[in-house]
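As provided, coords_32.cif (mmCIF, C-alpha atoms) reads as follows.
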```
data_my_file
loop_
_atom_site.group_PDB
_atom_site.id
_atom_site.type_symbol
_atom_site.label_atom_id
_atom_site.label_comp_id
_atom_site.auth_asym_id
_atom_site.auth_seq_id
_atom_site.Cartn_x
_atom_site.Cartn_y
_atom_site.Cartn_z
ATOM 1 C CA MET A 1 16.158 8.009 14.962
ATOM 2 C CA CYS A 2 15.425 10.884 12.576
ATOM 3 C CA GLN A 3 13.449 13.516 14.484
ATOM 4 C CA SER A 4 12.928 16.416 12.077
ATOM 5 C CA SER A 5 13.272 17.800 8.573
ATOM 6 C CA GLU A 6 15.662 20.398 9.988
ATOM 7 C CA GLU A 7 18.115 17.638 10.887
ATOM 8 C CA LEU A 8 18.003 16.353 7.307
ATOM 9 C CA SER A 9 18.548 19.867 5.946
ATOM 10 C CA GLN A 10 21.694 20.160 8.069
ATOM 11 C CA LEU A 11 22.984 16.849 6.722
ATOM 12 C CA ILE A 12 22.313 17.963 3.135
ATOM 13 C CA GLU A 13 24.388 21.101 3.765
ATOM 14 C CA LYS A 14 27.282 18.889 4.886
ATOM 15 C CA ALA A 15 26.968 16.529 1.921
ATOM 16 C CA LEU A 16 26.314 19.112 -0.804
ATOM 17 C CA PRO A 17 29.935 20.218 -1.494
ATOM 18 C CA ILE A 18 30.889 16.736 -2.710
ATOM 19 C CA THR A 19 28.458 17.025 -5.637
ATOM 20 C CA ASN A 20 31.042 19.225 -7.370
ATOM 21 C CA GLN A 21 33.208 16.112 -7.742
ATOM 22 C CA GLY A 22 30.500 14.174 -9.596
ATOM 23 C CA LYS A 23 29.415 14.020 -13.229
ATOM 24 C CA LEU A 24 26.045 13.710 -14.947
ATOM 25 C CA ALA A 25 25.081 10.597 -16.920
ATOM 26 C CA THR A 26 25.601 12.270 -20.292
ATOM 27 C CA TYR A 27 25.665 8.964 -22.185
ATOM 28 C CA ILE A 28 21.862 9.103 -21.895
ATOM 29 C CA PRO A 29 21.261 12.436 -23.643
ATOM 30 C CA ALA A 30 18.033 13.275 -21.812
ATOM 31 C CA LEU A 31 19.787 13.023 -18.418
ATOM 32 C CA SER A 32 22.496 15.535 -19.308
ATOM 33 C CA ASN A 33 20.269 18.522 -18.525
ATOM 34 C CA ALA A 34 20.038 17.863 -14.770
ATOM 35 C CA ASN A 35 21.427 20.278 -12.179
ATOM 36 C CA LYS A 36 24.394 18.434 -10.684
ATOM 37 C CA ASN A 37 24.096 20.396 -7.431
ATOM 38 C CA ASP A 38 20.588 19.148 -6.683
ATOM 39 C CA LEU A 39 20.361 17.041 -3.530
ATOM 40 C CA SER A 40 17.168 16.060 -1.760
ATOM 41 C CA ILE A 41 15.780 13.389 0.546
ATOM 42 C CA ALA A 42 12.585 12.051 2.076
ATOM 43 C CA VAL A 43 12.430 9.632 5.009
ATOM 44 C CA LEU A 44 9.224 7.808 5.932
ATOM 45 C CA ASP A 45 9.040 5.802 9.140
ATOM 46 C CA LEU A 46 6.663 2.901 9.687
ATOM 47 C CA HIS A 47 4.396 5.028 11.898
ATOM 48 C CA GLY A 48 3.632 7.347 8.980
ATOM 49 C CA ASN A 49 5.943 10.193 9.995
ATOM 50 C CA CYS A 50 7.683 11.803 7.023
ATOM 51 C CA PHE A 51 10.737 14.072 7.085
ATOM 52 C CA PHE A 52 12.279 15.715 4.054
ATOM 53 C CA ALA A 53 14.812 18.256 2.841
ATOM 54 C CA GLY A 54 15.863 19.787 -0.447
ATOM 55 C CA ASN A 55 13.610 19.822 -3.509
ATOM 56 C CA TYR A 56 12.042 16.518 -2.475
ATOM 57 C CA LYS A 57 9.077 16.796 -4.883
ATOM 58 C CA LYS A 58 11.262 17.125 -7.984
ATOM 59 C CA LEU A 59 10.632 14.341 -10.485
ATOM 60 C CA PHE A 60 13.415 12.101 -11.778
ATOM 61 C CA THR A 61 13.501 8.762 -13.543
ATOM 62 C CA LEU A 62 14.031 5.453 -11.768
ATOM 63 C CA GLN A 63 16.655 4.083 -14.159
ATOM 64 C CA SER A 64 18.255 1.042 -12.468
ATOM 65 C CA ILE A 65 16.096 1.402 -9.356
ATOM 66 C CA SER A 66 13.390 -0.098 -11.552
ATOM 67 C CA LYS A 67 15.352 -3.373 -11.621
ATOM 68 C CA ILE A 68 14.449 -4.220 -8.039
ATOM 69 C CA LEU A 69 10.793 -3.411 -8.744
ATOM 70 C CA THR A 70 10.546 -5.621 -11.837
ATOM 71 C CA LEU A 71 12.221 -8.380 -9.841
ATOM 72 C CA ALA A 72 9.659 -8.037 -7.038
ATOM 73 C CA TYR A 73 6.800 -7.919 -9.534
ATOM 74 C CA CYS A 74 7.911 -11.012 -11.450
ATOM 75 C CA LEU A 75 8.560 -12.965 -8.252
ATOM 76 C CA CYS A 76 5.004 -12.127 -7.169
ATOM 77 C CA GLU A 77 3.480 -12.984 -10.546
ATOM 78 C CA ILE A 78 5.360 -16.089 -11.710
ATOM 79 C CA GLY A 79 7.365 -17.287 -8.713
ATOM 80 C CA PHE A 80 10.907 -18.009 -7.614
ATOM 81 C CA GLU A 81 11.665 -20.991 -9.889
ATOM 82 C CA LYS A 82 10.698 -19.357 -13.182
ATOM 83 C CA VAL A 83 12.538 -16.127 -12.435
ATOM 84 C CA PHE A 84 15.775 -17.803 -11.438
ATOM 85 C CA GLU A 85 15.737 -20.095 -14.443
ATOM 86 C CA LYS A 86 16.639 -16.945 -16.390
ATOM 87 C CA VAL A 87 18.961 -15.115 -14.003
ATOM 88 C CA GLY A 88 21.340 -15.959 -11.153
ATOM 89 C CA MET A 89 21.821 -14.690 -7.611
ATOM 90 C CA GLU A 90 25.527 -13.830 -7.380
ATOM 91 C CA PRO A 91 27.281 -10.439 -7.270
ATOM 92 C CA THR A 92 29.632 -9.853 -10.197
ATOM 93 C CA GLY A 93 32.118 -7.252 -8.983
ATOM 94 C CA ASP A 94 31.880 -5.814 -12.521
ATOM 95 C CA PRO A 95 30.205 -2.660 -13.860
ATOM 96 C CA PHE A 96 26.449 -2.930 -14.453
ATOM 97 C CA ASN A 97 26.902 -2.896 -18.227
ATOM 98 C CA SER A 98 29.775 -5.398 -18.445
ATOM 99 C CA ILE A 99 29.427 -8.364 -20.794
ATOM 100 C CA VAL A 100 32.648 -10.107 -19.731
ATOM 101 C CA LYS A 101 31.365 -12.753 -17.315
ATOM 102 C CA LEU A 102 28.431 -13.734 -19.549
ATOM 103 C CA GLU A 103 30.843 -15.364 -21.980
ATOM 104 C CA LEU A 104 32.710 -17.185 -19.211
ATOM 105 C CA LEU A 105 29.662 -18.846 -17.633
ATOM 106 C CA ASP A 106 28.668 -22.315 -18.825
ATOM 107 C CA THR A 107 24.963 -21.464 -18.593
ATOM 108 C CA LYS A 108 25.385 -17.964 -20.132
ATOM 109 C CA LYS A 109 22.747 -16.915 -17.574
ATOM 110 C CA PRO A 110 23.310 -13.372 -16.233
ATOM 111 C CA LEU A 111 24.718 -13.543 -12.718
ATOM 112 C CA ASN A 112 22.079 -11.368 -11.041
ATOM 113 C CA PRO A 113 19.028 -9.171 -11.788
ATOM 114 C CA MET A 114 20.789 -5.904 -10.956
ATOM 115 C CA ILE A 115 23.174 -5.901 -13.931
ATOM 116 C CA ASN A 116 21.700 -4.825 -17.264
ATOM 117 C CA ALA A 117 21.743 -8.275 -18.861
ATOM 118 C CA GLY A 118 19.999 -9.766 -15.828
ATOM 119 C CA ALA A 119 17.485 -6.949 -15.652
ATOM 120 C CA LEU A 120 16.598 -7.455 -19.313
ATOM 121 C CA ALA A 121 16.080 -11.167 -18.622
ATOM 122 C CA VAL A 122 13.695 -10.285 -15.785
ATOM 123 C CA THR A 123 11.829 -7.674 -17.861
ATOM 124 C CA SER A 124 11.291 -10.368 -20.497
ATOM 125 C CA LEU A 125 9.186 -12.205 -17.884
ATOM 126 C CA LEU A 126 6.597 -9.446 -17.446
ATOM 127 C CA VAL A 127 3.131 -10.992 -17.613
ATOM 128 C CA GLY A 128 0.649 -10.089 -20.356
ATOM 129 C CA LYS A 129 -0.610 -11.070 -23.793
ATOM 130 C CA ASN A 130 0.987 -8.073 -25.456
ATOM 131 C CA LYS A 131 3.419 -5.237 -24.780
ATOM 132 C CA GLU A 132 0.816 -2.798 -23.468
ATOM 133 C CA LEU A 133 -0.744 -5.289 -21.061
ATOM 134 C CA LYS A 134 2.710 -6.203 -19.762
ATOM 135 C CA TRP A 135 3.445 -2.530 -19.223
ATOM 136 C CA GLU A 136 0.117 -1.768 -17.588
ATOM 137 C CA GLY A 137 0.484 -4.612 -15.081
ATOM 138 C CA PHE A 138 3.933 -3.439 -14.040
ATOM 139 C CA VAL A 139 3.212 0.279 -13.773
ATOM 140 C CA GLN A 140 0.101 -0.434 -11.684
ATOM 141 C CA PHE A 141 2.347 -2.417 -9.314
ATOM 142 C CA VAL A 142 4.709 0.563 -8.976
ATOM 143 C CA ARG A 143 1.733 2.849 -8.319
ATOM 144 C CA ARG A 144 0.531 0.563 -5.518
ATOM 145 C CA LEU A 145 3.969 0.531 -3.930
ATOM 146 C CA ALA A 146 4.208 4.335 -4.014
ATOM 147 C CA ASN A 147 0.508 4.900 -3.300
ATOM 148 C CA ASN A 148 0.506 7.282 -6.248
ATOM 149 C CA ASP A 149 -1.890 6.669 -9.147
ATOM 150 C CA THR A 150 -0.344 9.439 -11.242
ATOM 151 C CA ILE A 151 3.031 7.717 -11.754
ATOM 152 C CA THR A 152 3.958 7.229 -15.411
ATOM 153 C CA TYR A 153 7.068 7.305 -17.556
ATOM 154 C CA ASN A 154 8.947 10.176 -19.203
ATOM 155 C CA GLU A 155 8.573 9.656 -22.948
ATOM 156 C CA GLU A 156 11.554 11.877 -23.806
ATOM 157 C CA VAL A 157 13.898 9.927 -21.537
ATOM 158 C CA ALA A 158 12.539 6.564 -22.710
ATOM 159 C CA PHE A 159 13.020 7.515 -26.365
ATOM 160 C CA SER A 160 16.510 8.859 -25.657
ATOM 161 C CA GLU A 161 17.512 5.596 -24.007
ATOM 162 C CA PHE A 162 15.852 3.447 -26.672
ATOM 163 C CA GLU A 163 17.666 5.240 -29.489
ATOM 164 C CA THR A 164 21.077 4.859 -27.835
ATOM 165 C CA ALA A 165 20.630 1.346 -26.352
ATOM 166 C CA PHE A 166 23.250 -0.346 -28.520
ATOM 167 C CA LEU A 167 24.872 -2.340 -25.717
ATOM 168 C CA ASN A 168 21.515 -3.352 -24.262
ATOM 169 C CA ARG A 169 20.503 -4.586 -27.722
ATOM 170 C CA ALA A 170 23.639 -6.714 -27.682
ATOM 171 C CA PHE A 171 22.586 -8.160 -24.313
ATOM 172 C CA CYS A 172 19.145 -8.980 -25.723
ATOM 173 C CA TYR A 173 20.613 -10.798 -28.706
ATOM 174 C CA PHE A 174 22.995 -12.633 -26.372
ATOM 175 C CA LEU A 175 19.991 -13.817 -24.348
ATOM 176 C CA LYS A 176 18.257 -14.926 -27.550
ATOM 177 C CA GLU A 177 21.344 -16.773 -28.780
ATOM 178 C CA HIS A 178 21.486 -18.831 -25.591
ATOM 179 C CA GLY A 179 17.772 -19.604 -25.279
ATOM 180 C CA LEU A 180 17.034 -17.223 -22.419
ATOM 181 C CA TYR A 181 14.647 -15.070 -24.470
ATOM 182 C CA ASP A 182 12.643 -15.944 -27.573
ATOM 183 C CA GLY A 183 10.641 -12.769 -28.182
ATOM 184 C CA ASP A 184 11.131 -9.564 -30.139
ATOM 185 C CA VAL A 185 14.233 -7.621 -29.123
ATOM 186 C CA GLU A 186 12.799 -4.195 -29.935
ATOM 187 C CA GLU A 187 9.685 -4.878 -27.862
ATOM 188 C CA LEU A 188 11.791 -5.971 -24.897
ATOM 189 C CA LEU A 189 13.956 -2.856 -25.207
ATOM 190 C CA GLU A 190 10.903 -0.628 -25.366
ATOM 191 C CA LEU A 191 9.516 -2.148 -22.155
ATOM 192 C CA TYR A 192 12.918 -1.889 -20.469
ATOM 193 C CA THR A 193 13.494 1.748 -21.427
ATOM 194 C CA ARG A 194 9.969 2.621 -20.293
ATOM 195 C CA GLN A 195 10.530 1.016 -16.886
ATOM 196 C CA CYS A 196 13.816 2.890 -16.506
ATOM 197 C CA ALA A 197 12.053 6.144 -17.453
ATOM 198 C CA ILE A 198 9.309 5.888 -14.809
ATOM 199 C CA GLU A 199 9.229 9.233 -13.004
ATOM 200 C CA VAL A 200 9.077 9.530 -9.221
ATOM 201 C CA ASN A 201 10.134 11.960 -6.529
ATOM 202 C CA CYS A 202 11.843 11.365 -3.194
ATOM 203 C CA LEU A 203 8.506 10.949 -1.409
ATOM 204 C CA ASP A 204 7.477 8.211 -3.847
ATOM 205 C CA LEU A 205 10.789 6.420 -3.319
ATOM 206 C CA ALA A 206 10.528 6.710 0.460
ATOM 207 C CA ARG A 207 7.039 5.235 0.323
ATOM 208 C CA ILE A 208 8.288 2.318 -1.800
ATOM 209 C CA GLY A 209 11.204 1.843 0.583
ATOM 210 C CA ALA A 210 8.829 1.771 3.544
ATOM 211 C CA VAL A 211 6.961 -1.177 1.995
ATOM 212 C CA PHE A 212 10.234 -3.087 1.702
ATOM 213 C CA ALA A 213 11.137 -2.035 5.253
ATOM 214 C CA ASN A 214 7.775 -3.289 6.526
ATOM 215 C CA ASN A 215 8.098 -6.852 5.207
ATOM 216 C CA GLY A 216 6.038 -6.035 2.129
ATOM 217 C CA LYS A 217 3.087 -4.409 3.868
ATOM 218 C CA ASP A 218 1.767 -0.911 3.281
ATOM 219 C CA PRO A 219 2.853 0.993 6.428
ATOM 220 C CA PHE A 220 -0.409 2.965 6.507
ATOM 221 C CA THR A 221 -3.028 0.298 5.793
ATOM 222 C CA GLY A 222 -1.195 -2.870 6.814
ATOM 223 C CA MET A 223 -2.237 -4.461 3.518
ATOM 224 C CA GLU A 224 0.299 -6.843 1.995
ATOM 225 C CA ILE A 225 1.609 -5.621 -1.371
ATOM 226 C CA ILE A 226 4.583 -7.984 -1.602
ATOM 227 C CA PRO A 227 4.891 -11.325 0.228
ATOM 228 C CA MET A 228 7.494 -11.345 3.003
ATOM 229 C CA ASN A 229 9.712 -13.907 1.235
ATOM 230 C CA VAL A 230 9.843 -11.704 -1.898
ATOM 231 C CA THR A 231 10.711 -8.674 0.227
ATOM 232 C CA ARG A 232 13.596 -10.569 1.828
ATOM 233 C CA ILE A 233 14.937 -11.676 -1.564
ATOM 234 C CA CYS A 234 14.822 -8.110 -2.882
ATOM 235 C CA ASN A 235 16.421 -6.619 0.231
ATOM 236 C CA THR A 236 19.214 -9.184 -0.035
ATOM 237 C CA PHE A 237 19.881 -8.309 -3.668
ATOM 238 C CA MET A 238 19.974 -4.627 -2.745
ATOM 239 C CA VAL A 239 22.659 -5.341 -0.126
ATOM 240 C CA THR A 240 24.794 -7.553 -2.378
ATOM 241 C CA CYS A 241 24.281 -5.902 -5.781
ATOM 242 C CA GLY A 242 22.214 -2.732 -5.412
ATOM 243 C CA MET A 243 24.991 -0.137 -5.622
ATOM 244 C CA TYR A 244 26.633 -1.564 -8.727
ATOM 245 C CA ASN A 245 30.231 -2.699 -8.222
ATOM 246 C CA ALA A 246 30.530 -0.529 -5.106
ATOM 247 C CA SER A 247 27.985 -2.580 -3.150
ATOM 248 C CA GLY A 248 30.545 -3.997 -0.735
ATOM 249 C CA GLU A 249 31.932 -0.577 0.121
ATOM 250 C CA PHE A 250 28.409 0.784 0.572
ATOM 251 C CA ALA A 251 27.533 -2.121 2.882
ATOM 252 C CA ILE A 252 30.501 -1.222 5.075
ATOM 253 C CA LYS A 253 30.009 2.552 5.068
ATOM 254 C CA VAL A 254 26.181 2.713 5.177
ATOM 255 C CA GLY A 255 25.000 -0.849 5.711
ATOM 256 C CA ILE A 256 21.423 -0.825 4.421
ATOM 257 C CA PRO A 257 19.640 -2.399 1.447
ATOM 258 C CA ALA A 258 19.716 0.199 -1.327
ATOM 259 C CA LYS A 259 19.324 0.494 -5.086
ATOM 260 C CA SER A 260 20.745 3.316 -7.143
ATOM 261 C CA GLY A 261 20.099 4.594 -10.642
ATOM 262 C CA VAL A 262 22.161 6.740 -12.998
ATOM 263 C CA SER A 263 19.585 9.536 -12.862
ATOM 264 C CA GLY A 264 20.876 10.072 -9.311
ATOM 265 C CA GLY A 265 18.160 8.339 -7.338
ATOM 266 C CA ILE A 266 18.761 5.993 -4.425
ATOM 267 C CA LEU A 267 16.069 3.813 -2.857
ATOM 268 C CA GLY A 268 17.027 3.035 0.753
ATOM 269 C CA VAL A 269 15.496 0.463 3.098
ATOM 270 C CA VAL A 270 16.114 0.316 6.837
ATOM 271 C CA PRO A 271 14.241 -2.850 7.859
ATOM 272 C CA ASN A 272 11.553 -2.272 10.481
ATOM 273 C CA ARG A 273 12.411 1.451 10.613
ATOM 274 C CA TYR A 274 12.434 3.584 7.456
ATOM 275 C CA GLY A 275 11.989 3.913 3.750
ATOM 276 C CA ILE A 276 14.352 6.478 2.227
ATOM 277 C CA GLY A 277 14.280 8.293 -1.121
ATOM 278 C CA VAL A 278 17.299 10.306 -2.241
ATOM 279 C CA TYR A 279 17.993 12.308 -5.395
ATOM 280 C CA GLY A 280 21.330 13.778 -6.421
ATOM 281 C CA PRO A 281 22.191 13.555 -10.162
ATOM 282 C CA ALA A 282 25.949 14.076 -9.819
ATOM 283 C CA LEU A 283 27.454 10.577 -10.065
ATOM 284 C CA ASP A 284 30.683 8.976 -8.917
ATOM 285 C CA GLU A 285 32.818 6.795 -11.202
ATOM 286 C CA LYS A 286 30.669 3.718 -10.467
ATOM 287 C CA GLY A 287 27.405 5.427 -11.443
ATOM 288 C CA ASN A 288 26.055 6.099 -7.940
ATOM 289 C CA SER A 289 24.840 9.475 -6.694
ATOM 290 C CA ILE A 290 27.941 10.929 -5.047
ATOM 291 C CA GLY A 291 25.950 13.358 -2.897
ATOM 292 C CA GLY A 292 23.285 10.782 -2.098
ATOM 293 C CA TRP A 293 25.911 8.279 -0.950
ATOM 294 C CA LYS A 294 27.565 10.914 1.262
ATOM 295 C CA LEU A 295 24.194 11.920 2.707
ATOM 296 C CA LEU A 296 23.336 8.315 3.603
ATOM 297 C CA GLU A 297 26.792 7.849 5.110
ATOM 298 C CA LEU A 298 26.233 10.885 7.334
ATOM 299 C CA MET A 299 22.805 9.567 8.294
ATOM 300 C CA ASN A 300 24.285 6.211 9.273
ATOM 301 C CA ARG A 301 26.767 7.945 11.568
ATOM 302 C CA LYS A 302 24.031 10.043 13.156
ATOM 303 C CA TYR A 303 21.171 7.514 13.345
ATOM 304 C CA ASN A 304 22.989 4.144 13.284
ATOM 305 C CA LEU A 305 21.131 2.867 10.221
ATOM 306 C CA SER A 306 23.359 -0.128 9.436
ATOM 307 C CA ILE A 307 21.751 -3.563 9.629
ATOM 308 C CA PHE A 308 25.128 -5.121 10.436
#
```

Let me see the file written as structure tokens.
Amino acid sequence: MCQSSEELSQLIEKALPITNQGKLATYIPALSNANKNDLSIAVLDLHGNCFFAGNYKKLFTLQSISKILTLAYCLCEIGFEKVFEKVGMEPTGDPFNSIVKLELLDTKKPLNPMINAGALAVTSLLVGKNKELKWEGFVQFVRRLANNDTITYNEEVAFSEFETAFLNRAFCYFLKEHGLYDGDVEELLELYTRQCAIEVNCLDLARIGAVFANNGKDPFTGMEIIPMNVTRICNTFMVTCGMYNASGEFAIKVGIPAKSGVSGGILGVVPNRYGIGVYGPALDEKGNSIGGWKLLELMNRKYNLSIF
């Protein structure tokens, strides 16, 4: 069990050299300005103890971490059946932005909510009469999870992603072609790029992770934010699909539910123990934080985090 911030600082020192082997996500222009040698972490246990190391208050955007949050939100708001009419439950083994298997499936339904096509299908289910009401409902949900009413999105990053979202536009039109979405593509893309551009720090992520670790309940108040069955679904998706097409390797080497994003964030969940927030913008070839992965691997060796 993690005992101190000093222990985490020592683990960061061990993991930090590997960041030199990573690359920034330059295909999203606004992410190319990050410092690739940044590495930070916050760990929150279910008794309210928090340990941290590195520049743990530095803001970064959720990117694909937002996919697990929109999934949780839509499951809470509209239920299991309606969500999984639009998206499947199976890992793909392909990169998050691959279109290959969509064409091969009889249903044309994206295989899971953690790939871009599946995440867009889930975002299309946000509840509200118009774009702004849909957005407001979702961002309030994220604020409740993080217990942080100041959370919002980075307009520069959202605009940067929106302007360069050519492949995601293709996914949207694919969904429209096959009857999985009947709305306005540009509106859907604007909502999706906003959700990806939500800014958090490691403490926010650790707090969110602690809710998932605590069967959907706020670890401080005991109030239920997410029903237990939704928490279990989301934790399962994080194990099977959360680290892109390296999820199997991550399950073996670290063994916890986790969701990464190309900004360098990793949301980690150790059921009944911890929520973890990591930030390290240098990425490996699969799009995962190379330093964050190494840090979590070292933590698993030291604290036996694996659920397996």

Would you write out, as a ChimeraX atom specification, every residue that the PyMOL selection byres ((chain A and resi 219-232) around 12) captures in this file?
-> /A:44-50,68-80,83,140-147,206-218,233-239,257,269,271-275

Please produce an output containing C-alpha atoms for each residue in the selection, written as a tab-separated table (two decimals), in the coordinates of the input.
```tsv
chain	number	residue	atom	x	y	z
A	44	LEU	CA	9.22	7.81	5.93
A	45	ASP	CA	9.04	5.80	9.14
A	46	LEU	CA	6.66	2.90	9.69
A	47	HIS	CA	4.40	5.03	11.90
A	48	GLY	CA	3.63	7.35	8.98
A	49	ASN	CA	5.94	10.19	9.99
A	50	CYS	CA	7.68	11.80	7.02
A	68	ILE	CA	14.45	-4.22	-8.04
A	69	LEU	CA	10.79	-3.41	-8.74
A	70	THR	CA	10.55	-5.62	-11.84
A	71	LEU	CA	12.22	-8.38	-9.84
A	72	ALA	CA	9.66	-8.04	-7.04
A	73	TYR	CA	6.80	-7.92	-9.53
A	74	CYS	CA	7.91	-11.01	-11.45
A	75	LEU	CA	8.56	-12.96	-8.25
A	76	CYS	CA	5.00	-12.13	-7.17
A	77	GLU	CA	3.48	-12.98	-10.55
A	78	ILE	CA	5.36	-16.09	-11.71
A	79	GLY	CA	7.36	-17.29	-8.71
A	80	PHE	CA	10.91	-18.01	-7.61
A	83	VAL	CA	12.54	-16.13	-12.44
A	140	GLN	CA	0.10	-0.43	-11.68
A	141	PHE	CA	2.35	-2.42	-9.31
A	142	VAL	CA	4.71	0.56	-8.98
A	143	ARG	CA	1.73	2.85	-8.32
A	144	ARG	CA	0.53	0.56	-5.52
A	145	LEU	CA	3.97	0.53	-3.93
A	146	ALA	CA	4.21	4.34	-4.01
A	147	ASN	CA	0.51	4.90	-3.30
A	206	ALA	CA	10.53	6.71	0.46
A	207	ARG	CA	7.04	5.24	0.32
A	208	ILE	CA	8.29	2.32	-1.80
A	209	GLY	CA	11.20	1.84	0.58
A	210	ALA	CA	8.83	1.77	3.54
A	211	VAL	CA	6.96	-1.18	2.00
A	212	PHE	CA	10.23	-3.09	1.70
A	213	ALA	CA	11.14	-2.04	5.25
A	214	ASN	CA	7.78	-3.29	6.53
A	215	ASN	CA	8.10	-6.85	5.21
A	216	GLY	CA	6.04	-6.04	2.13
A	217	LYS	CA	3.09	-4.41	3.87
A	218	ASP	CA	1.77	-0.91	3.28
A	233	ILE	CA	14.94	-11.68	-1.56
A	234	CYS	CA	14.82	-8.11	-2.88
A	235	ASN	CA	16.42	-6.62	0.23
A	236	THR	CA	19.21	-9.18	-0.04
A	237	PHE	CA	19.88	-8.31	-3.67
A	238	MET	CA	19.97	-4.63	-2.74
A	239	VAL	CA	22.66	-5.34	-0.13
A	257	PRO	CA	19.64	-2.40	1.45
A	269	VAL	CA	15.50	0.46	3.10
A	271	PRO	CA	14.24	-2.85	7.86
A	272	ASN	CA	11.55	-2.27	10.48
A	273	ARG	CA	12.41	1.45	10.61
A	274	TYR	CA	12.43	3.58	7.46
A	275	GLY	CA	11.99	3.91	3.75
```

Please evaluate the PyMOL selection byres ((chain A and resi 178-194) around 8) against the displayed coordinates and give the resulting residues as a PyMOL selection string.
-> chain A and resi 86+108-109+120-121+123-124+131+135+153-155+158-159+161-162+165+168-169+172-177+195-198

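Under the PyMOL selection byres ((chain A and resi 298) around 10), the matching residues in the shown file are Leu8, Leu11, Ile12, Lys14, Ala15, Lys253, Val254, Gly292, Trp293, Lys294, Leu295, Leu296, Glu297, Met299, Asn300, Arg301, Lys302, Tyr303, Asn304 and Leu305 of chain A.
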
So, counting all atoms listed in the file, which residue among A:Glu199, A:Glu85, A:Glu7, A:Glu136 is closest to Gln63 of chain A?
-> A:Glu199

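In this model, the gap between atom CA of Asn20 of chain A and atom CA of Ser263 of chain A comes to 16.0 Å.
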
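Proximity to Lys67 of chain A was assessed for A:Cys241, A:Leu39, A:Ile276, A:Ala30 counting only C-alpha atoms; the smallest distance is recorded for A:Cys241.
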
Any idea what's packed within 8 Å of Gly128 of chain A, counting only C-alpha atoms, ignoring anything in its chain fewer than 5 positions away? Could you give it as a list in words?
-> Leu133, Lys134 and Gly137 of chain A

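Between atom CA of Val270 of chain A and atom CA of Met89 of chain A the separation is 21.6 Å.
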
Go through A:Asp38, A:Ala170, A:Phe51, A:Phe308 one by one, measure the shortest atom-to-atom distance of each to Ala251 of chain A using only C-alpha atoms, and give the residue with the smallest value.
-> A:Phe308

Complete the atoms of segment 192-204 of chain A to N, CA and C atoms and put them out as a CSV table (one decimal), keeping the file's coordinate frame.
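New file out21.csv:
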```csv
chain,number,residue,atom,x,y,z
A,192,TYR,N,11.8,-2.2,-21.4
A,192,TYR,CA,12.9,-1.9,-20.5
A,192,TYR,C,13.2,-0.4,-20.4
A,193,THR,N,13.2,0.3,-21.5
A,193,THR,CA,13.5,1.7,-21.4
A,193,THR,C,12.3,2.5,-20.8
A,194,ARG,N,11.1,2.0,-21.0
A,194,ARG,CA,10.0,2.6,-20.3
A,194,ARG,C,10.1,2.4,-18.8
A,195,GLN,N,10.4,1.2,-18.3
A,195,GLN,CA,10.5,1.0,-16.9
A,195,GLN,C,11.6,1.9,-16.3
A,196,CYS,N,12.7,2.0,-17.0
A,196,CYS,CA,13.8,2.9,-16.5
A,196,CYS,C,13.4,4.4,-16.5
A,197,ALA,N,12.5,4.7,-17.3
A,197,ALA,CA,12.1,6.1,-17.5
A,197,ALA,C,10.8,6.5,-16.6
A,198,ILE,N,10.4,5.6,-15.7
A,198,ILE,CA,9.3,5.9,-14.8
A,198,ILE,C,9.8,7.0,-13.9
A,199,GLU,N,8.9,8.0,-13.8
A,199,GLU,CA,9.2,9.2,-13.0
A,199,GLU,C,8.6,9.2,-11.6
A,200,VAL,N,9.5,9.5,-10.6
A,200,VAL,CA,9.1,9.5,-9.2
A,200,VAL,C,9.7,10.7,-8.6
A,201,ASN,N,9.4,11.0,-7.3
A,201,ASN,CA,10.1,12.0,-6.5
A,201,ASN,C,10.6,11.3,-5.3
A,202,CYS,N,11.3,12.0,-4.4
A,202,CYS,CA,11.8,11.4,-3.2
A,202,CYS,C,10.8,10.8,-2.3
A,203,LEU,N,9.6,11.5,-2.2
A,203,LEU,CA,8.5,10.9,-1.4
A,203,LEU,C,8.0,9.6,-1.9
A,204,ASP,N,7.9,9.5,-3.3
A,204,ASP,CA,7.5,8.2,-3.8
A,204,ASP,C,8.5,7.1,-3.5
```
